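Enquirer: Contents are PDB, C-alpha atoms; file name structure-v9.pdb:
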```pdb
ATOM      1  CA  MET A 274      29.775 -43.251  43.980  1.00  0.00           C
ATOM      2  CA  PHE A 275      27.371 -45.793  45.458  1.00  0.00           C
ATOM      3  CA  LYS A 276      28.895 -48.862  47.101  1.00  0.00           C
ATOM      4  CA  ILE A 277      27.286 -52.296  46.691  1.00  0.00           C
ATOM      5  CA  PHE A 278      28.217 -55.146  49.048  1.00  0.00           C
ATOM      6  CA  ILE A 279      27.766 -58.613  47.484  1.00  0.00           C
ATOM      7  CA  ILE A 280      27.286 -61.587  49.818  1.00  0.00           C
ATOM      8  CA  GLU A 281      27.296 -64.512  47.375  1.00  0.00           C
ATOM      9  CA  ASP A 282      29.430 -67.679  47.352  1.00  0.00           C
ATOM     10  CA  ASP A 283      29.156 -68.443  43.620  1.00  0.00           C
ATOM     11  CA  PRO A 284      32.230 -66.746  42.074  1.00  0.00           C
ATOM     12  CA  GLN A 285      30.667 -66.761  38.588  1.00  0.00           C
ATOM     13  CA  ILE A 286      27.596 -64.838  39.772  1.00  0.00           C
ATOM     14  CA  VAL A 287      29.793 -62.449  41.752  1.00  0.00           C
ATOM     15  CA  ARG A 288      31.932 -61.787  38.681  1.00  0.00           C
ATOM     16  CA  LEU A 289      28.935 -61.118  36.431  1.00  0.00           C
ATOM     17  CA  LEU A 290      27.260 -58.877  39.013  1.00  0.00           C
ATOM     18  CA  GLU A 291      30.434 -56.868  39.508  1.00  0.00           C
ATOM     19  CA  GLU A 292      31.036 -56.490  35.761  1.00  0.00           C
ATOM     20  CA  HIS A 293      27.481 -55.264  35.199  1.00  0.00           C
ATOM     21  CA  LEU A 294      27.486 -52.889  38.165  1.00  0.00           C
ATOM     22  CA  HIS A 295      30.889 -51.438  37.272  1.00  0.00           C
ATOM     23  CA  LYS A 296      29.549 -50.527  33.821  1.00  0.00           C
ATOM     24  CA  PHE A 297      27.062 -48.208  35.523  1.00  0.00           C
ATOM     25  CA  GLY A 298      29.555 -46.576  37.863  1.00  0.00           C
ATOM     26  CA  PHE A 299      28.995 -48.565  41.055  1.00  0.00           C
ATOM     27  CA  ASP A 300      31.764 -49.547  43.438  1.00  0.00           C
ATOM     28  CA  THR A 301      31.487 -53.140  44.637  1.00  0.00           C
ATOM     29  CA  LYS A 302      32.969 -55.416  47.258  1.00  0.00           C
ATOM     30  CA  SER A 303      32.316 -59.129  47.693  1.00  0.00           C
ATOM     31  CA  VAL A 304      32.682 -61.242  50.817  1.00  0.00           C
ATOM     32  CA  TYR A 305      35.944 -63.126  51.212  1.00  0.00           C
ATOM     33  CA  ASP A 306      35.380 -64.660  54.668  1.00  0.00           C
ATOM     34  CA  PHE A 307      31.867 -66.020  55.245  1.00  0.00           C
ATOM     35  CA  GLU A 308      32.396 -66.219  58.996  1.00  0.00           C
ATOM     36  CA  LYS A 309      32.994 -62.466  59.296  1.00  0.00           C
ATOM     37  CA  VAL A 310      30.334 -60.977  57.029  1.00  0.00           C
ATOM     38  CA  ARG A 311      29.172 -58.429  59.596  1.00  0.00           C
ATOM     39  CA  ASP A 312      32.694 -57.135  60.173  1.00  0.00           C
ATOM     40  CA  GLN A 313      33.345 -56.786  56.444  1.00  0.00           C
ATOM     41  CA  PHE A 314      30.025 -54.974  56.021  1.00  0.00           C
ATOM     42  CA  ALA A 315      30.885 -52.516  58.800  1.00  0.00           C
ATOM     43  CA  GLN A 316      34.337 -51.887  57.347  1.00  0.00           C
ATOM     44  CA  TYR A 317      33.041 -51.258  53.812  1.00  0.00           C
ATOM     45  CA  ALA A 318      29.934 -49.272  54.902  1.00  0.00           C
ATOM     46  CA  PRO A 319      27.970 -49.896  51.668  1.00  0.00           C
ATOM     47  CA  HIS A 320      24.870 -48.099  50.444  1.00  0.00           C
ATOM     48  CA  LEU A 321      23.139 -51.390  49.511  1.00  0.00           C
ATOM     49  CA  VAL A 322      23.571 -55.140  50.002  1.00  0.00           C
ATOM     50  CA  LEU A 323      22.943 -58.035  47.599  1.00  0.00           C
ATOM     51  CA  LEU A 324      22.543 -61.177  49.711  1.00  0.00           C
ATOM     52  CA  ASP A 325      22.129 -64.868  48.865  1.00  0.00           C
ATOM     53  CA  VAL A 326      20.204 -67.267  51.122  1.00  0.00           C
ATOM     54  CA  ASN A 327      22.390 -70.377  50.837  1.00  0.00           C
ATOM     55  CA  LEU A 328      25.821 -69.501  52.194  1.00  0.00           C
ATOM     56  CA  PRO A 329      28.651 -71.316  53.986  1.00  0.00           C
ATOM     57  CA  LYS A 330      28.464 -71.477  57.788  1.00  0.00           C
ATOM     58  CA  PHE A 331      25.365 -69.258  58.348  1.00  0.00           C
ATOM     59  CA  ASP A 332      22.510 -68.583  55.933  1.00  0.00           C
ATOM     60  CA  GLY A 333      21.485 -65.239  54.476  1.00  0.00           C
ATOM     61  CA  TYR A 334      18.646 -64.765  56.954  1.00  0.00           C
ATOM     62  CA  TYR A 335      21.165 -64.817  59.805  1.00  0.00           C
ATOM     63  CA  TRP A 336      23.417 -62.260  58.131  1.00  0.00           C
ATOM     64  CA  CYS A 337      20.441 -60.087  57.241  1.00  0.00           C
ATOM     65  CA  ARG A 338      19.564 -59.880  60.953  1.00  0.00           C
ATOM     66  CA  GLN A 339      23.174 -59.138  61.816  1.00  0.00           C
ATOM     67  CA  ILE A 340      23.342 -56.284  59.306  1.00  0.00           C
ATOM     68  CA  ARG A 341      19.988 -54.929  60.459  1.00  0.00           C
ATOM     69  CA  SER A 342      21.362 -54.677  63.999  1.00  0.00           C
ATOM     70  CA  ILE A 343      23.797 -51.986  62.842  1.00  0.00           C
ATOM     71  CA  SER A 344      22.330 -50.529  59.627  1.00  0.00           C
ATOM     72  CA  THR A 345      19.111 -49.669  57.814  1.00  0.00           C
ATOM     73  CA  CYS A 346      20.645 -49.694  54.327  1.00  0.00           C
ATOM     74  CA  PRO A 347      18.614 -51.514  51.625  1.00  0.00           C
ATOM     75  CA  ILE A 348      19.088 -55.289  51.474  1.00  0.00           C
ATOM     76  CA  LEU A 349      18.066 -57.233  48.357  1.00  0.00           C
ATOM     77  CA  PHE A 350      18.051 -61.023  48.490  1.00  0.00           C
ATOM     78  CA  ILE A 351      19.198 -62.870  45.354  1.00  0.00           C
ATOM     79  CA  SER A 352      18.413 -66.572  45.611  1.00  0.00           C
ATOM     80  CA  ALA A 353      17.526 -69.703  43.631  1.00  0.00           C
ATOM     81  CA  ARG A 354      14.979 -70.557  46.340  1.00  0.00           C
ATOM     82  CA  GLU A 355      11.611 -69.593  44.867  1.00  0.00           C
ATOM     83  CA  GLY A 356       9.218 -70.646  47.636  1.00  0.00           C
ATOM     84  CA  LYS A 357       6.822 -68.091  49.070  1.00  0.00           C
ATOM     85  CA  MET A 358       8.000 -68.800  52.620  1.00  0.00           C
ATOM     86  CA  ASP A 359      11.616 -68.153  51.631  1.00  0.00           C
ATOM     87  CA  GLN A 360      10.578 -64.731  50.392  1.00  0.00           C
ATOM     88  CA  VAL A 361       8.439 -64.066  53.459  1.00  0.00           C
ATOM     89  CA  MET A 362      11.306 -65.095  55.756  1.00  0.00           C
ATOM     90  CA  ALA A 363      13.654 -62.734  53.937  1.00  0.00           C
ATOM     91  CA  LEU A 364      11.247 -59.825  54.411  1.00  0.00           C
ATOM     92  CA  GLU A 365      10.563 -60.793  58.015  1.00  0.00           C
ATOM     93  CA  ASN A 366      14.284 -60.813  58.768  1.00  0.00           C
ATOM     94  CA  GLY A 367      14.757 -57.295  57.429  1.00  0.00           C
ATOM     95  CA  ALA A 368      15.105 -57.474  53.640  1.00  0.00           C
ATOM     96  CA  ASP A 369      13.647 -54.837  51.340  1.00  0.00           C
ATOM     97  CA  ASP A 370      13.134 -57.047  48.282  1.00  0.00           C
ATOM     98  CA  TYR A 371      13.724 -60.573  46.958  1.00  0.00           C
ATOM     99  CA  ILE A 372      14.977 -61.513  43.484  1.00  0.00           C
ATOM    100  CA  THR A 373      14.919 -65.140  42.313  1.00  0.00           C
ATOM    101  CA  LYS A 374      17.640 -66.804  40.235  1.00  0.00           C
ATOM    102  CA  PRO A 375      18.201 -67.031  37.368  1.00  0.00           C
ATOM    103  CA  PHE A 376      17.711 -63.290  37.148  1.00  0.00           C
ATOM    104  CA  ASP A 377      18.061 -60.675  34.453  1.00  0.00           C
ATOM    105  CA  TYR A 378      20.931 -58.355  35.373  1.00  0.00           C
ATOM    106  CA  ASP A 379      19.002 -55.351  34.081  1.00  0.00           C
ATOM    107  CA  ILE A 380      16.170 -56.202  36.502  1.00  0.00           C
ATOM    108  CA  VAL A 381      18.679 -56.394  39.351  1.00  0.00           C
ATOM    109  CA  LEU A 382      20.060 -53.011  38.322  1.00  0.00           C
ATOM    110  CA  ALA A 383      16.560 -51.498  38.151  1.00  0.00           C
ATOM    111  CA  LYS A 384      15.710 -52.748  41.636  1.00  0.00           C
ATOM    112  CA  ILE A 385      19.017 -51.438  43.001  1.00  0.00           C
ATOM    113  CA  ASN A 386      18.357 -48.028  41.485  1.00  0.00           C
ATOM    114  CA  SER A 387      14.810 -48.036  42.850  1.00  0.00           C
ATOM    115  CA  GLN A 388      16.038 -48.644  46.394  1.00  0.00           C
ATOM    116  CA  LEU A 389      18.825 -46.081  46.072  1.00  0.00           C
ATOM    117  CA  ARG A 390      16.347 -43.444  44.876  1.00  0.00           C
ATOM    118  CA  ARG A 391      14.122 -44.142  47.868  1.00  0.00           C
ATOM    119  CA  VAL A 392      16.914 -43.883  50.398  1.00  0.00           C
ATOM    120  CA  TYR A 393      19.539 -41.579  48.901  1.00  0.00           C
ATOM    121  CA  GLY A 394      17.602 -39.525  46.345  1.00  0.00           C
ATOM    122  CA  SER A 395      19.241 -36.372  45.050  1.00  0.00           C
ATOM    123  CA  TYR A 396      16.740 -34.325  47.041  1.00  0.00           C
ATOM    124  CA  ALA A 397      17.751 -35.939  50.320  1.00  0.00           C
ATOM    125  CA  ASN A 398      20.470 -33.440  51.264  1.00  0.00           C
ATOM    126  CA  THR A 399      18.247 -30.420  50.751  1.00  0.00           C
ATOM    127  CA  GLN A 400      14.999 -31.863  52.004  1.00  0.00           C
ATOM    128  CA  GLN A 401      13.884 -30.675  55.418  1.00  0.00           C
ATOM    129  CA  VAL A 402      13.619 -33.275  58.137  1.00  0.00           C
ATOM    130  CA  ARG A 403      10.093 -34.661  57.997  1.00  0.00           C
ATOM    131  CA  THR A 404       8.500 -35.890  61.192  1.00  0.00           C
ATOM    132  CA  THR A 405       5.040 -37.023  62.193  1.00  0.00           C
ATOM    133  CA  THR A 406       3.912 -36.812  65.816  1.00  0.00           C
ATOM    134  CA  VAL A 407       0.877 -38.340  67.505  1.00  0.00           C
ATOM    135  CA  GLU A 408       0.483 -38.057  71.304  1.00  0.00           C
ATOM    136  CA  ASN A 409       4.259 -37.612  71.855  1.00  0.00           C
ATOM    137  CA  LEU A 410       5.073 -40.534  69.553  1.00  0.00           C
ATOM    138  CA  THR A 411       7.401 -39.088  66.899  1.00  0.00           C
ATOM    139  CA  LEU A 412       8.346 -40.703  63.609  1.00  0.00           C
ATOM    140  CA  ASP A 413      11.410 -39.302  61.826  1.00  0.00           C
ATOM    141  CA  VAL A 414      10.837 -40.524  58.294  1.00  0.00           C
ATOM    142  CA  GLU A 415      14.275 -39.571  56.970  1.00  0.00           C
ATOM    143  CA  ARG A 416      16.296 -40.956  59.867  1.00  0.00           C
ATOM    144  CA  LEU A 417      14.105 -44.061  60.190  1.00  0.00           C
ATOM    145  CA  SER A 418      13.551 -43.639  63.909  1.00  0.00           C
ATOM    146  CA  LEU A 419      10.523 -43.813  66.200  1.00  0.00           C
ATOM    147  CA  SER A 420      10.640 -42.234  69.635  1.00  0.00           C
ATOM    148  CA  LEU A 421       8.402 -41.860  72.655  1.00  0.00           C
ATOM    149  CA  GLN A 422       9.572 -39.724  75.566  1.00  0.00           C
ATOM    150  CA  ASP A 423      13.174 -40.815  76.263  1.00  0.00           C
ATOM    151  CA  LYS A 424      13.064 -44.047  74.233  1.00  0.00           C
ATOM    152  CA  ALA A 425      13.943 -44.386  70.548  1.00  0.00           C
ATOM    153  CA  ILE A 426      14.150 -47.343  68.152  1.00  0.00           C
ATOM    154  CA  GLU A 427      15.277 -47.823  64.547  1.00  0.00           C
ATOM    155  CA  LEU A 428      12.907 -48.829  61.755  1.00  0.00           C
ATOM    156  CA  SER A 429      13.271 -50.343  58.323  1.00  0.00           C
ATOM    157  CA  HIS A 430      12.198 -48.238  55.345  1.00  0.00           C
ATOM    158  CA  THR A 431       9.025 -50.254  54.918  1.00  0.00           C
ATOM    159  CA  GLU A 432       8.118 -50.055  58.607  1.00  0.00           C
ATOM    160  CA  ALA A 433       8.587 -46.285  58.505  1.00  0.00           C
ATOM    161  CA  LYS A 434       6.295 -45.958  55.486  1.00  0.00           C
ATOM    162  CA  ILE A 435       3.565 -48.006  57.136  1.00  0.00           C
ATOM    163  CA  LEU A 436       3.772 -45.968  60.340  1.00  0.00           C
ATOM    164  CA  ASP A 437       3.883 -42.704  58.421  1.00  0.00           C
ATOM    165  CA  GLU A 438       0.615 -43.531  56.692  1.00  0.00           C
ATOM    166  CA  LEU A 439      -1.065 -44.787  59.883  1.00  0.00           C
ATOM    167  CA  MET A 440       0.111 -41.860  62.019  1.00  0.00           C
ATOM    168  CA  LYS A 441      -0.961 -39.240  59.472  1.00  0.00           C
ATOM    169  CA  LYS A 442      -4.435 -40.812  59.567  1.00  0.00           C
ATOM    170  CA  SER A 443      -4.505 -41.584  63.280  1.00  0.00           C
ATOM    171  CA  GLU A 444      -7.889 -42.912  64.456  1.00  0.00           C
ATOM    172  CA  ARG A 445      -8.952 -43.458  60.831  1.00  0.00           C
ATOM    173  CA  VAL A 446      -8.942 -46.762  58.984  1.00  0.00           C
ATOM    174  CA  VAL A 447      -6.224 -47.162  56.343  1.00  0.00           C
ATOM    175  CA  SER A 448      -7.128 -49.819  53.782  1.00  0.00           C
ATOM    176  CA  ARG A 449      -4.815 -52.691  52.930  1.00  0.00           C
ATOM    177  CA  ASP A 450      -4.860 -51.578  49.299  1.00  0.00           C
ATOM    178  CA  ARG A 451      -3.706 -48.106  50.307  1.00  0.00           C
ATOM    179  CA  LEU A 452      -0.770 -49.521  52.277  1.00  0.00           C
ATOM    180  CA  LEU A 453       0.216 -51.807  49.416  1.00  0.00           C
ATOM    181  CA  GLU A 454       0.009 -48.931  46.963  1.00  0.00           C
ATOM    182  CA  LYS A 455       2.015 -46.673  49.277  1.00  0.00           C
ATOM    183  CA  ILE A 456       4.768 -49.155  50.025  1.00  0.00           C
ATOM    184  CA  TRP A 457       5.152 -51.479  47.059  1.00  0.00           C
ATOM    185  CA  ASP A 458       4.028 -49.363  44.126  1.00  0.00           C
ATOM    186  CA  ASP A 459       7.063 -50.410  42.078  1.00  0.00           C
ATOM    187  CA  GLN A 460       7.844 -53.776  43.645  1.00  0.00           C
ATOM    188  CA  ALA A 461       7.240 -57.097  41.895  1.00  0.00           C
ATOM    189  CA  PHE A 462       6.560 -59.304  44.928  1.00  0.00           C
ATOM    190  CA  VAL A 463       3.324 -58.239  46.565  1.00  0.00           C
ATOM    191  CA  ASP A 464       0.669 -60.287  48.319  1.00  0.00           C
ATOM    192  CA  ASP A 465      -1.485 -60.111  51.424  1.00  0.00           C
ATOM    193  CA  ASN A 466       0.876 -62.273  53.447  1.00  0.00           C
ATOM    194  CA  THR A 467       3.725 -59.830  52.821  1.00  0.00           C
ATOM    195  CA  LEU A 468       1.697 -56.999  54.333  1.00  0.00           C
ATOM    196  CA  ASN A 469       0.747 -59.243  57.274  1.00  0.00           C
ATOM    197  CA  VAL A 470       4.428 -59.840  57.952  1.00  0.00           C
ATOM    198  CA  TYR A 471       5.200 -56.130  58.048  1.00  0.00           C
ATOM    199  CA  ILE A 472       2.198 -55.290  60.204  1.00  0.00           C
ATOM    200  CA  THR A 473       3.470 -57.871  62.702  1.00  0.00           C
ATOM    201  CA  ARG A 474       6.911 -56.267  62.621  1.00  0.00           C
ATOM    202  CA  VAL A 475       5.433 -52.792  63.193  1.00  0.00           C
ATOM    203  CA  ARG A 476       3.495 -54.096  66.200  1.00  0.00           C
ATOM    204  CA  LYS A 477       6.721 -55.551  67.610  1.00  0.00           C
ATOM    205  CA  LYS A 478       8.514 -52.229  67.144  1.00  0.00           C
ATOM    206  CA  LEU A 479       5.686 -50.387  68.927  1.00  0.00           C
ATOM    207  CA  SER A 480       5.860 -52.875  71.791  1.00  0.00           C
ATOM    208  CA  LEU A 481       9.543 -52.016  72.270  1.00  0.00           C
ATOM    209  CA  LEU A 482       8.330 -48.534  73.222  1.00  0.00           C
ATOM    210  CA  GLY A 483       5.741 -49.982  75.594  1.00  0.00           C
ATOM    211  CA  ILE A 484       2.876 -49.479  73.136  1.00  0.00           C
ATOM    212  CA  GLU A 485       0.529 -52.463  73.076  1.00  0.00           C
ATOM    213  CA  GLN A 486      -2.659 -53.051  71.067  1.00  0.00           C
ATOM    214  CA  ALA A 487      -2.556 -49.605  69.455  1.00  0.00           C
ATOM    215  CA  LEU A 488      -2.379 -50.947  65.895  1.00  0.00           C
ATOM    216  CA  GLN A 489      -5.816 -52.428  65.354  1.00  0.00           C
ATOM    217  CA  THR A 490      -6.992 -54.742  62.588  1.00  0.00           C
ATOM    218  CA  ILE A 491     -10.385 -53.702  61.267  1.00  0.00           C
ATOM    219  CA  ARG A 492     -11.718 -56.856  59.668  1.00  0.00           C
ATOM    220  CA  GLY A 493     -12.526 -56.491  55.990  1.00  0.00           C
ATOM    221  CA  GLN A 494     -11.302 -52.882  55.903  1.00  0.00           C
ATOM    222  CA  GLY A 495      -7.682 -52.435  56.955  1.00  0.00           C
ATOM    223  CA  TYR A 496      -5.813 -51.033  59.955  1.00  0.00           C
ATOM    224  CA  ARG A 497      -6.215 -48.191  62.410  1.00  0.00           C
ATOM    225  CA  LEU A 498      -3.726 -46.643  64.824  1.00  0.00           C
ATOM    226  CA  HIS A 499      -5.428 -45.810  68.104  1.00  0.00           C
ATOM    227  CA  PRO A 500      -3.125 -43.649  70.310  1.00  0.00           C
ATOM    228  CA  ASN A 501      -3.859 -45.459  73.550  1.00  0.00           C
ATOM    229  CA  TRP A 502      -0.385 -44.612  74.877  1.00  0.00           C
ATOM    230  CA  GLY A 503      -1.628 -41.048  75.336  1.00  0.00           C
ATOM    231  CA  GLU A 504      -4.560 -42.059  77.464  1.00  0.00           C
ATOM    232  CA  SER A 505      -4.420 -41.290  81.160  1.00  0.00           C
ATOM    233  CA  ASP A 506      -4.931 -44.070  83.661  1.00  0.00           C
TER
END
```
I need this file expressed as structure tokens, please.

Expert:
Amino acid sequence: MFKIFIIEDDPQIVRLLEEHLHKFGFDTKSVYDFEKVRDQFAQYAPHLVLLDVNLPKFDGYYWCRQIRSISTCPILFISAREGKMDQVMALENGADDYITKPFDYDIVLAKINSQLRRVYGSYANTQQVRTTTVENLTLDVERLSLSLQDKAIELSHTEAKILDELMKKSERVVSRDRLLEKIWDDQAFVDDNTLNVYITRVRKKLSLLGIEQALQTIRGQGYRLHPNWGESD
């Protein structure tokens, strides 16, 4: 049974979400102390999080970062804030999708199921570990990790998909359209700025491994991964 963690301070919305999710066999838990969201998340260990932006004490962006520090589970924002920057900030802070209120509960369910299929599909237990390696840089797509020599970092699902595509086509240009098609083929919120945000995040993750200026922007075409970390001095 999949477990859904609901971080929402409107009891009416929480009740309706729980009623709808229970109909389809999900287990749910909602936050009871908005100063200890991270602790409650760790204790419950959910498969997916539904997270509002406007919350008591700290906002949803803060708690998204806190959850991302200990987990790569899918995080879906549910918020009445419709601005593009609100959605970009959610993605930049680690979210996988953003749903605006008022929302259709069937749409919420469809997006939950989409994320669960991506991360915990029925094939996951039998699928062989899939890795991509370029010049000693290894991406473990299933475990969402990127390693170089003795260093390893965690990735979000979207970051892993971007790197997987770029590493498989190392030294070749990957178009923006190809990345959008690869990553957000069934997502509603897609624009160029969203991809820009994730490219920036991928560059930051590479820099944590000491890799600088390897992800190149090819103006008017797309992006290319140049394995400069494998070059000798």

Enquirer: Considering only C-alpha atoms, state which residue in the set A:Leu453, A:Val470, A:Cys337, A:Ile343 is at the smallest distance from Ala318 (chain A).

Expert: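 The answer is A:Ile343, which sits nearest to Ala318 (chain A).
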
Enquirer: Have a look at CA of Ser387 (chain A) and CA of Leu321 (chain A) and let me know their distance in Å, one decimal.

Expert: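 That distance, rounded to one decimal, is 11.2 Å.
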
Enquirer: Do you know which residues the PyMOL selection byres ((chain A and resi 410-415) around 9) returns on this file, as a list in words?

Expert: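 When the PyMOL selection byres ((chain A and resi 410-415) around 9) is applied, the selected residues are Val392, Ala397, Val402, Arg403, Thr404, Thr405, Thr406, Val407, Glu408, Asn409, Arg416, Leu417, Ser418, Leu419, Ser420, Leu421, Gln422, His430, Ala433, Lys434, Leu436, Asp437, Met440, Pro500, Trp502 and Gly503 of chain A.
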
Enquirer: Taking the file as I've supplied it (selection: the PyMOL selection byres ((chain A and resi 475) around 9)), which residues are included? Please answer as an MDAnalysis selection string.

Expert: chainID A and resid 428 432:433 435:436 470:474 476:480 488

Enquirer: Pick from A:Ser342, A:Gln486, A:Asn386, A:Asn327: nearest to Arg354 (chain A), with all atoms listed in the file counted?

Expert: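 Closest candidate: A:Asn327.
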
Enquirer: Which value, in Å to one decimal, gives the distance between CA of Leu364 (chain A) and CA of Gly495 (chain A)?

Expert: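 One can read the CA of Leu364 (chain A) to CA of Gly495 (chain A) distance as 20.5 Å.
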
Enquirer: Run the PyMOL selection byres ((chain A and resi 369) around 9) on the file and write out the hits as a compact mmCIF listing (two decimals) with C-alpha atoms, keeping the file's coordinate frame.

Expert:
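expr17.txt written:
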```txt
# COMPACT_ATOMS: atom_id res chain seq x y z
CA PRO A 347 18.61 -51.51 51.62
CA ILE A 348 19.09 -55.29 51.47
CA LEU A 349 18.07 -57.23 48.36
CA PHE A 350 18.05 -61.02 48.49
CA ALA A 363 13.65 -62.73 53.94
CA LEU A 364 11.25 -59.82 54.41
CA GLY A 367 14.76 -57.30 57.43
CA ALA A 368 15.10 -57.47 53.64
CA ASP A 370 13.13 -57.05 48.28
CA TYR A 371 13.72 -60.57 46.96
CA GLN A 388 16.04 -48.64 46.39
CA SER A 429 13.27 -50.34 58.32
CA HIS A 430 12.20 -48.24 55.34
CA THR A 431 9.02 -50.25 54.92
```

Enquirer: Report the distance between CA of Gln316 (chain A) and CA of Arg390 (chain A) in Å, rounded to one decimal place.

Expert: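 Spanning CA of Gln316 (chain A) to CA of Arg390 (chain A) is a straight-line distance of 23.5 Å.
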
Enquirer: So, with only C-alpha atoms as the atoms that count, which of A:Phe376, A:Tyr334, A:Asp300, A:Gln339 lies closest to Asp312 (chain A)?

Expert: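 For Asp312 (chain A), the nearest of the candidates is A:Gln339.
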
Enquirer: Phe331 (chain A): which residues within 8 Å, counting all atoms listed in the file, same-chain residues fewer than 4 positions away excluded, as a list in words?

Expert: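 Returned residues: Phe307, Glu308, Tyr335 and Trp336 of chain A.
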
Enquirer: Just need region 301-307 of chain A in a file, please: all heavy atoms, as a CSV table (one decimal), in the first residue's frame.

Expert:
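Dumped everything to out11.csv:
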```
chain,number,residue,atom,x,y,z
A,301,THR,N,-2.8,7.4,4.1
A,301,THR,CA,-2.5,8.8,4.2
A,301,THR,C,-2.2,9.2,5.7
A,301,THR,O,-2.6,8.6,6.6
A,301,THR,CB,-3.6,9.7,3.7
A,301,THR,OG1,-4.8,9.5,4.6
A,301,THR,CG2,-4.0,9.4,2.3
A,302,LYS,N,-1.4,10.2,5.8
A,302,LYS,CA,-1.1,10.9,7.1
A,302,LYS,C,-1.0,12.3,6.8
A,302,LYS,O,-0.3,12.8,5.9
A,302,LYS,CB,0.2,10.3,7.7
A,302,LYS,CG,0.5,10.9,9.0
A,302,LYS,CD,1.8,10.2,9.6
A,302,LYS,CE,2.1,10.8,11.0
A,302,LYS,NZ,1.1,10.5,12.0
A,303,SER,N,-1.6,13.2,7.7
A,303,SER,CA,-1.5,14.6,7.5
A,303,SER,C,-0.7,15.2,8.7
A,303,SER,O,-0.6,14.6,9.8
A,303,SER,CB,-2.9,15.2,7.5
A,303,SER,OG,-3.6,14.9,8.7
A,304,VAL,N,-0.1,16.3,8.5
A,304,VAL,CA,0.7,17.0,9.5
A,304,VAL,C,-0.1,17.5,10.7
A,304,VAL,O,-1.2,18.0,10.5
A,304,VAL,CB,1.5,18.2,8.9
A,304,VAL,CG1,2.2,19.0,9.9
A,304,VAL,CG2,2.5,17.6,7.9
A,305,TYR,N,0.3,17.3,11.9
A,305,TYR,CA,-0.4,17.7,13.0
A,305,TYR,C,0.4,18.8,13.8
A,305,TYR,O,-0.1,19.6,14.6
A,305,TYR,CB,-0.7,16.6,14.0
A,305,TYR,CG,0.5,15.8,14.5
A,305,TYR,CD1,1.3,16.2,15.5
A,305,TYR,CD2,0.9,14.6,13.8
A,305,TYR,CE1,2.4,15.5,16.0
A,305,TYR,CE2,2.0,13.9,14.2
A,305,TYR,CZ,2.8,14.3,15.3
A,305,TYR,OH,3.9,13.6,15.7
A,306,ASP,N,1.7,18.9,13.5
A,306,ASP,CA,2.6,19.9,14.1
A,306,ASP,C,3.4,20.6,13.0
A,306,ASP,O,4.4,19.9,12.5
A,306,ASP,CB,3.5,19.3,15.2
A,306,ASP,CG,4.3,20.3,16.0
A,306,ASP,OD1,4.5,21.5,15.5
A,306,ASP,OD2,4.9,20.0,17.0
A,307,PHE,N,3.1,21.8,12.7
A,307,PHE,CA,3.8,22.4,11.5
A,307,PHE,C,5.2,23.0,11.8
A,307,PHE,O,5.8,23.6,11.0
A,307,PHE,CB,2.9,23.5,10.9
A,307,PHE,CG,1.7,23.0,10.1
A,307,PHE,CD1,0.5,22.7,10.8
A,307,PHE,CD2,1.9,22.6,8.8
A,307,PHE,CE1,-0.6,22.2,10.0
A,307,PHE,CE2,0.8,22.1,8.1
A,307,PHE,CZ,-0.4,21.9,8.7
```
